[in-house]
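Have a look at the structure below before the remarks.
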Amino acid sequence: MAEHGETAEAVAATYRRLGELGLTFAGAGNVSCRTPEGMFITRSGCTAHAVTAADVVATDRMGRPLRPGKPSSEAFMHADIYAAYPATGAIVHAHSDCCTALACLGEGLPPFHYMVLGFGGADVRCAPYVTFGTPELGRLAVEALRDRTACLLANHGMICLGRSLAEALDTAVSLETLARQYLLARSAGTPRLLTDDEIAASIERYRTYG
């Protein structure tokens, strides 16, 4: 059982849901939740349509497996994020179409819509490209996530955080939706970005929203 009551089956179900929503394909992306020992994370090479609890690996806080099984090659990135952000209980990493398209432009998501501010600040940053599965990826992801609940990884995909698996999944759905809306707006012209005053007012509004 994870720290927030999550289970290996809940991790698998979240990854399956990513596939059902069209936010991942084949074996792309990974899902994890924090545990007292470290984390539960989807194994390397599992697919969203077939994943089960048996495809979820328990690791220590460094991302090393505690029992036989090969965790995602990006387990160390998840471990770095959990170490840097203690309030994070779950992580969704996906290669969703619109977030990945924007990341392949090397761009983050600017404040074209007030809902961008729901990720914690005036934008969603895009971390520079490095080879997947390398220690440098974790460091750059941690930096891009500072004061945010989501980021993009250049030429790669998205990362979304939550206190729970459900919250991390909701964040991923919101980020992909906004990335799609931004790319649609760009295809028709130049999106109007919120001004500093509008951003400040919206951030203040978010403090009491919901």
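How things are named: the first chain in the structure tokens is A, the next is B, and so on; residues count from 1 in each chain; ligands count from 1 in the order shown.
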
- Query: Hey, what's within 12 Å of Tyr129 in chain A if we count only C-alpha atoms and toss same-chain stuff fewer than 2 positions away? As a ChimeraX atom specification, please?
  - Reply: /A:103-107,126-127,131-134,136-141,144,152-157

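All residues of protein, DNA or RNA that reach within 10 Å of Gln181 in chain A, judged by only C-alpha atoms and not counting those fewer than 5 positions away in the chain, are Cys98, Phe112, His113, Leu175, Glu176, Arg186 and Ser187 of chain A.
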
Could those residues be written to a file, using all heavy atoms, as a PDB file, in the first residue's frame?
ATOM      1  N   CYS A  98      -0.611  16.490 -28.406  1.00  0.00           N
ATOM      2  CA  CYS A  98      -0.434  17.952 -28.472  1.00  0.00           C
ATOM      3  C   CYS A  98       0.682  18.432 -27.550  1.00  0.00           C
ATOM      4  O   CYS A  98       1.441  19.336 -27.919  1.00  0.00           O
ATOM      5  CB  CYS A  98      -1.753  18.651 -28.170  1.00  0.00           C
ATOM      6  SG  CYS A  98      -3.006  18.330 -29.434  1.00  0.00           S
ATOM      7  N   PHE A 112      -1.880  31.893 -22.547  1.00  0.00           N
ATOM      8  CA  PHE A 112      -2.868  32.275 -23.560  1.00  0.00           C
ATOM      9  C   PHE A 112      -4.280  32.154 -23.016  1.00  0.00           C
ATOM     10  O   PHE A 112      -5.231  32.693 -23.586  1.00  0.00           O
ATOM     11  CB  PHE A 112      -2.702  31.397 -24.816  1.00  0.00           C
ATOM     12  CG  PHE A 112      -3.325  30.031 -24.670  1.00  0.00           C
ATOM     13  CD1 PHE A 112      -4.524  29.730 -25.307  1.00  0.00           C
ATOM     14  CD2 PHE A 112      -2.729  29.045 -23.898  1.00  0.00           C
ATOM     15  CE1 PHE A 112      -5.115  28.486 -25.163  1.00  0.00           C
ATOM     16  CE2 PHE A 112      -3.313  27.795 -23.757  1.00  0.00           C
ATOM     17  CZ  PHE A 112      -4.508  27.514 -24.392  1.00  0.00           C
ATOM     18  N   HIS A 113      -4.435  31.418 -21.910  1.00  0.00           N
ATOM     19  CA  HIS A 113      -5.736  31.160 -21.287  1.00  0.00           C
ATOM     20  C   HIS A 113      -5.524  31.161 -19.779  1.00  0.00           C
ATOM     21  O   HIS A 113      -4.494  30.694 -19.295  1.00  0.00           O
ATOM     22  CB  HIS A 113      -6.259  29.794 -21.749  1.00  0.00           C
ATOM     23  CG  HIS A 113      -7.684  29.514 -21.391  1.00  0.00           C
ATOM     24  ND1 HIS A 113      -8.099  29.247 -20.108  1.00  0.00           N
ATOM     25  CD2 HIS A 113      -8.804  29.458 -22.176  1.00  0.00           C
ATOM     26  CE1 HIS A 113      -9.405  29.026 -20.098  1.00  0.00           C
ATOM     27  NE2 HIS A 113      -9.857  29.153 -21.339  1.00  0.00           N
ATOM     28  N   LEU A 175      -3.706  19.491 -19.102  1.00  0.00           N
ATOM     29  CA  LEU A 175      -2.559  20.000 -19.848  1.00  0.00           C
ATOM     30  C   LEU A 175      -2.677  19.674 -21.335  1.00  0.00           C
ATOM     31  O   LEU A 175      -2.418  20.522 -22.185  1.00  0.00           O
ATOM     32  CB  LEU A 175      -1.260  19.424 -19.276  1.00  0.00           C
ATOM     33  CG  LEU A 175       0.035  19.939 -19.908  1.00  0.00           C
ATOM     34  CD1 LEU A 175       0.165  21.452 -19.752  1.00  0.00           C
ATOM     35  CD2 LEU A 175       1.240  19.236 -19.309  1.00  0.00           C
ATOM     36  N   GLU A 176      -3.069  18.442 -21.656  1.00  0.00           N
ATOM     37  CA  GLU A 176      -3.219  18.070 -23.060  1.00  0.00           C
ATOM     38  C   GLU A 176      -4.312  18.900 -23.738  1.00  0.00           C
ATOM     39  O   GLU A 176      -4.166  19.339 -24.884  1.00  0.00           O
ATOM     40  CB  GLU A 176      -3.530  16.577 -23.179  1.00  0.00           C
ATOM     41  CG  GLU A 176      -3.809  16.093 -24.585  1.00  0.00           C
ATOM     42  CD  GLU A 176      -2.611  16.151 -25.524  1.00  0.00           C
ATOM     43  OE1 GLU A 176      -1.492  16.498 -25.064  1.00  0.00           O
ATOM     44  OE2 GLU A 176      -2.793  15.865 -26.725  1.00  0.00           O
ATOM     45  N   ARG A 186      -2.917  28.929 -32.531  1.00  0.00           N
ATOM     46  CA  ARG A 186      -1.750  29.313 -33.332  1.00  0.00           C
ATOM     47  C   ARG A 186      -1.945  29.007 -34.807  1.00  0.00           C
ATOM     48  O   ARG A 186      -1.418  29.712 -35.673  1.00  0.00           O
ATOM     49  CB  ARG A 186      -0.495  28.610 -32.816  1.00  0.00           C
ATOM     50  CG  ARG A 186       0.126  29.353 -31.651  1.00  0.00           C
ATOM     51  CD  ARG A 186       1.380  28.745 -31.118  1.00  0.00           C
ATOM     52  NE  ARG A 186       2.379  28.373 -32.102  1.00  0.00           N
ATOM     53  CZ  ARG A 186       3.623  28.029 -31.778  1.00  0.00           C
ATOM     54  NH1 ARG A 186       3.982  28.013 -30.492  1.00  0.00           N
ATOM     55  NH2 ARG A 186       4.485  27.694 -32.698  1.00  0.00           N
ATOM     56  N   SER A 187      -2.689  27.964 -35.108  1.00  0.00           N
ATOM     57  CA  SER A 187      -2.917  27.624 -36.516  1.00  0.00           C
ATOM     58  C   SER A 187      -3.806  28.661 -37.204  1.00  0.00           C
ATOM     59  O   SER A 187      -3.778  28.784 -38.436  1.00  0.00           O
ATOM     60  CB  SER A 187      -3.564  26.234 -36.626  1.00  0.00           C
ATOM     61  OG  SER A 187      -4.910  26.255 -36.184  1.00  0.00           O
TER      62      SER A 187
END

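One finds CA of Arg180 in chain A at 13.2 Å from CA of Met115 in chain A.
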
Please list as JSON, numbers by chain every residue within 9 Å of Ser164 in chain A, counting only C-alpha atoms and excluding residues in the same chain fewer than 6 positions away.
{"A": [4, 5, 6, 33, 88, 89, 90, 91]}

Keeping only N, CA, C and O atoms, take the residues you just selected and write them out as a short mmCIF file (atom, residue, chain, number, x, y, z; two decimals), in the first residue's frame.
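The result, written out as again-v8.cif:
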data_model
loop_
_atom_site.label_atom_id
_atom_site.label_comp_id
_atom_site.auth_asym_id
_atom_site.auth_seq_id
_atom_site.Cartn_x
_atom_site.Cartn_y
_atom_site.Cartn_z
N HIS A 4 -0.52 7.24 0.33
CA HIS A 4 -1.83 7.88 0.28
C HIS A 4 -2.92 6.86 -0.03
O HIS A 4 -3.96 7.20 -0.56
N GLY A 5 -2.67 5.58 0.30
CA GLY A 5 -3.67 4.55 0.09
C GLY A 5 -3.72 4.01 -1.32
O GLY A 5 -4.60 3.22 -1.66
N GLU A 6 -2.79 4.40 -2.19
CA GLU A 6 -2.76 3.91 -3.56
C GLU A 6 -2.18 2.49 -3.59
O GLU A 6 -1.42 2.10 -2.71
N CYS A 33 3.35 6.10 -8.09
CA CYS A 33 2.86 6.75 -6.87
C CYS A 33 3.89 6.52 -5.77
O CYS A 33 4.63 5.54 -5.78
N THR A 88 4.23 15.78 -3.48
CA THR A 88 3.81 14.99 -4.63
C THR A 88 3.58 13.54 -4.23
O THR A 88 4.46 12.90 -3.66
N GLY A 89 2.37 13.04 -4.54
CA GLY A 89 2.06 11.66 -4.21
C GLY A 89 2.00 10.75 -5.42
O GLY A 89 2.03 9.54 -5.29
N ALA A 90 1.91 11.35 -6.63
CA ALA A 90 1.81 10.55 -7.85
C ALA A 90 2.32 11.35 -9.04
O ALA A 90 2.26 12.59 -9.04
N ILE A 91 2.80 10.63 -10.05
CA ILE A 91 3.36 11.25 -11.25
C ILE A 91 2.83 10.53 -12.48
O ILE A 91 2.83 9.29 -12.53
#

Determine, counting only C-alpha atoms, which protein, DNA and RNA residues have an atom within 12 Å of an atom of Tyr15 in chain A; residues of the same chain fewer than 2 positions away are not included. Present the result as a ChimeraX atom specification. /A:8-13,17-33,41-43,46-53,55-56,90-94,165-166,168-169,172

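With only C-alpha atoms taken into account, the protein and nucleic acid residues at most 12 Å from Asp196 in chain A (excluding it and anything under 2 positions from it in its own chain) are Pro111, Phe112, Tyr114, Leu117, Gly121, Ala122, Asp123, Leu193, Leu194, Glu198, Ile199, Ala200, Ala201, Ser202 and Ile203 of chain A.
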
Given the selection you just returned, output its residues as a file containing N, CA, C and O atoms, formatted as a PDB file, in the first residue's frame.
ATOM      1  N   PRO A 111       0.792  31.913 -21.170  1.00  0.00           N
ATOM      2  CA  PRO A 111      -0.501  32.252 -20.574  1.00  0.00           C
ATOM      3  C   PRO A 111      -1.513  32.768 -21.609  1.00  0.00           C
ATOM      4  O   PRO A 111      -1.974  33.904 -21.550  1.00  0.00           O
ATOM      5  N   PHE A 112      -1.880  31.893 -22.547  1.00  0.00           N
ATOM      6  CA  PHE A 112      -2.868  32.275 -23.560  1.00  0.00           C
ATOM      7  C   PHE A 112      -4.280  32.154 -23.016  1.00  0.00           C
ATOM      8  O   PHE A 112      -5.231  32.693 -23.586  1.00  0.00           O
ATOM      9  N   TYR A 114      -6.518  31.671 -19.052  1.00  0.00           N
ATOM     10  CA  TYR A 114      -6.315  31.765 -17.600  1.00  0.00           C
ATOM     11  C   TYR A 114      -6.123  30.401 -16.948  1.00  0.00           C
ATOM     12  O   TYR A 114      -5.502  30.298 -15.875  1.00  0.00           O
ATOM     13  N   LEU A 117      -2.774  29.050 -15.577  1.00  0.00           N
ATOM     14  CA  LEU A 117      -2.315  29.436 -14.246  1.00  0.00           C
ATOM     15  C   LEU A 117      -2.651  28.374 -13.200  1.00  0.00           C
ATOM     16  O   LEU A 117      -2.064  28.362 -12.110  1.00  0.00           O
ATOM     17  N   GLY A 121       1.616  28.728 -12.043  1.00  0.00           N
ATOM     18  CA  GLY A 121       2.299  29.969 -12.405  1.00  0.00           C
ATOM     19  C   GLY A 121       1.860  30.454 -13.771  1.00  0.00           C
ATOM     20  O   GLY A 121       0.881  29.972 -14.335  1.00  0.00           O
ATOM     21  N   ALA A 122       2.620  31.386 -14.313  1.00  0.00           N
ATOM     22  CA  ALA A 122       2.223  32.066 -15.539  1.00  0.00           C
ATOM     23  C   ALA A 122       2.470  31.250 -16.802  1.00  0.00           C
ATOM     24  O   ALA A 122       2.088  31.680 -17.891  1.00  0.00           O
ATOM     25  N   ASP A 123       3.092  30.085 -16.679  1.00  0.00           N
ATOM     26  CA  ASP A 123       3.347  29.256 -17.854  1.00  0.00           C
ATOM     27  C   ASP A 123       3.596  27.820 -17.417  1.00  0.00           C
ATOM     28  O   ASP A 123       3.670  27.517 -16.225  1.00  0.00           O
ATOM     29  N   LEU A 193      -1.890  36.820 -25.406  1.00  0.00           N
ATOM     30  CA  LEU A 193      -1.450  36.349 -24.094  1.00  0.00           C
ATOM     31  C   LEU A 193      -1.944  37.281 -23.007  1.00  0.00           C
ATOM     32  O   LEU A 193      -2.088  38.500 -23.228  1.00  0.00           O
ATOM     33  N   LEU A 194      -2.201  36.732 -21.840  1.00  0.00           N
ATOM     34  CA  LEU A 194      -2.629  37.549 -20.710  1.00  0.00           C
ATOM     35  C   LEU A 194      -1.520  38.519 -20.306  1.00  0.00           C
ATOM     36  O   LEU A 194      -0.337  38.191 -20.372  1.00  0.00           O
ATOM     37  N   GLU A 198      -3.363  40.898 -15.641  1.00  0.00           N
ATOM     38  CA  GLU A 198      -4.385  39.857 -15.777  1.00  0.00           C
ATOM     39  C   GLU A 198      -3.925  38.550 -15.146  1.00  0.00           C
ATOM     40  O   GLU A 198      -4.716  37.833 -14.525  1.00  0.00           O
ATOM     41  N   ILE A 199      -2.640  38.250 -15.289  1.00  0.00           N
ATOM     42  CA  ILE A 199      -2.079  37.052 -14.664  1.00  0.00           C
ATOM     43  C   ILE A 199      -2.168  37.158 -13.144  1.00  0.00           C
ATOM     44  O   ILE A 199      -2.604  36.230 -12.460  1.00  0.00           O
ATOM     45  N   ALA A 200      -1.774  38.324 -12.598  1.00  0.00           N
ATOM     46  CA  ALA A 200      -1.814  38.521 -11.149  1.00  0.00           C
ATOM     47  C   ALA A 200      -3.235  38.395 -10.615  1.00  0.00           C
ATOM     48  O   ALA A 200      -3.466  37.764  -9.572  1.00  0.00           O
ATOM     49  N   ALA A 201      -4.195  38.953 -11.340  1.00  0.00           N
ATOM     50  CA  ALA A 201      -5.593  38.885 -10.903  1.00  0.00           C
ATOM     51  C   ALA A 201      -6.105  37.445 -10.945  1.00  0.00           C
ATOM     52  O   ALA A 201      -6.832  37.008 -10.043  1.00  0.00           O
ATOM     53  N   SER A 202      -5.714  36.703 -11.969  1.00  0.00           N
ATOM     54  CA  SER A 202      -6.160  35.320 -12.088  1.00  0.00           C
ATOM     55  C   SER A 202      -5.522  34.433 -11.028  1.00  0.00           C
ATOM     56  O   SER A 202      -6.174  33.538 -10.477  1.00  0.00           O
ATOM     57  N   ILE A 203      -4.238  34.662 -10.743  1.00  0.00           N
ATOM     58  CA  ILE A 203      -3.571  33.908  -9.688  1.00  0.00           C
ATOM     59  C   ILE A 203      -4.255  34.147  -8.349  1.00  0.00           C
ATOM     60  O   ILE A 203      -4.485  33.196  -7.561  1.00  0.00           O
TER      61      ILE A 203
END

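Residue nearest Ala84 in chain A, chosen from A:Ala58, A:Val124, A:Gly63, A:Val142 and counting only C-alpha atoms: A:Val142.
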
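Checking A:Glu37, A:Asp197, A:Glu167, A:Glu204 one by one against Ala79 in chain A, counting only C-alpha atoms, you find the shortest gap at A:Glu37.
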
Among chain A, which residues does DSSP mark as helix (DSSP H, G or I) when it is run on the backbone? Keep the chain and numbering as in the structure and answer as a PyMOL selection string.
chain A and resi 8-20+53-55+75-84+97-104+114-119+135-144+165-188+196-208

*Enumerate, as a VMD selection string, the complete set of residues in range 24-182 of chain A that a backbone-based DSSP assignment places in strand (DSSP E or B).*
chain A and resid 30 to 34 38 to 43 56 to 60 65 71 90 to 94 109 124 126 to 127 150 to 153 157 to 162
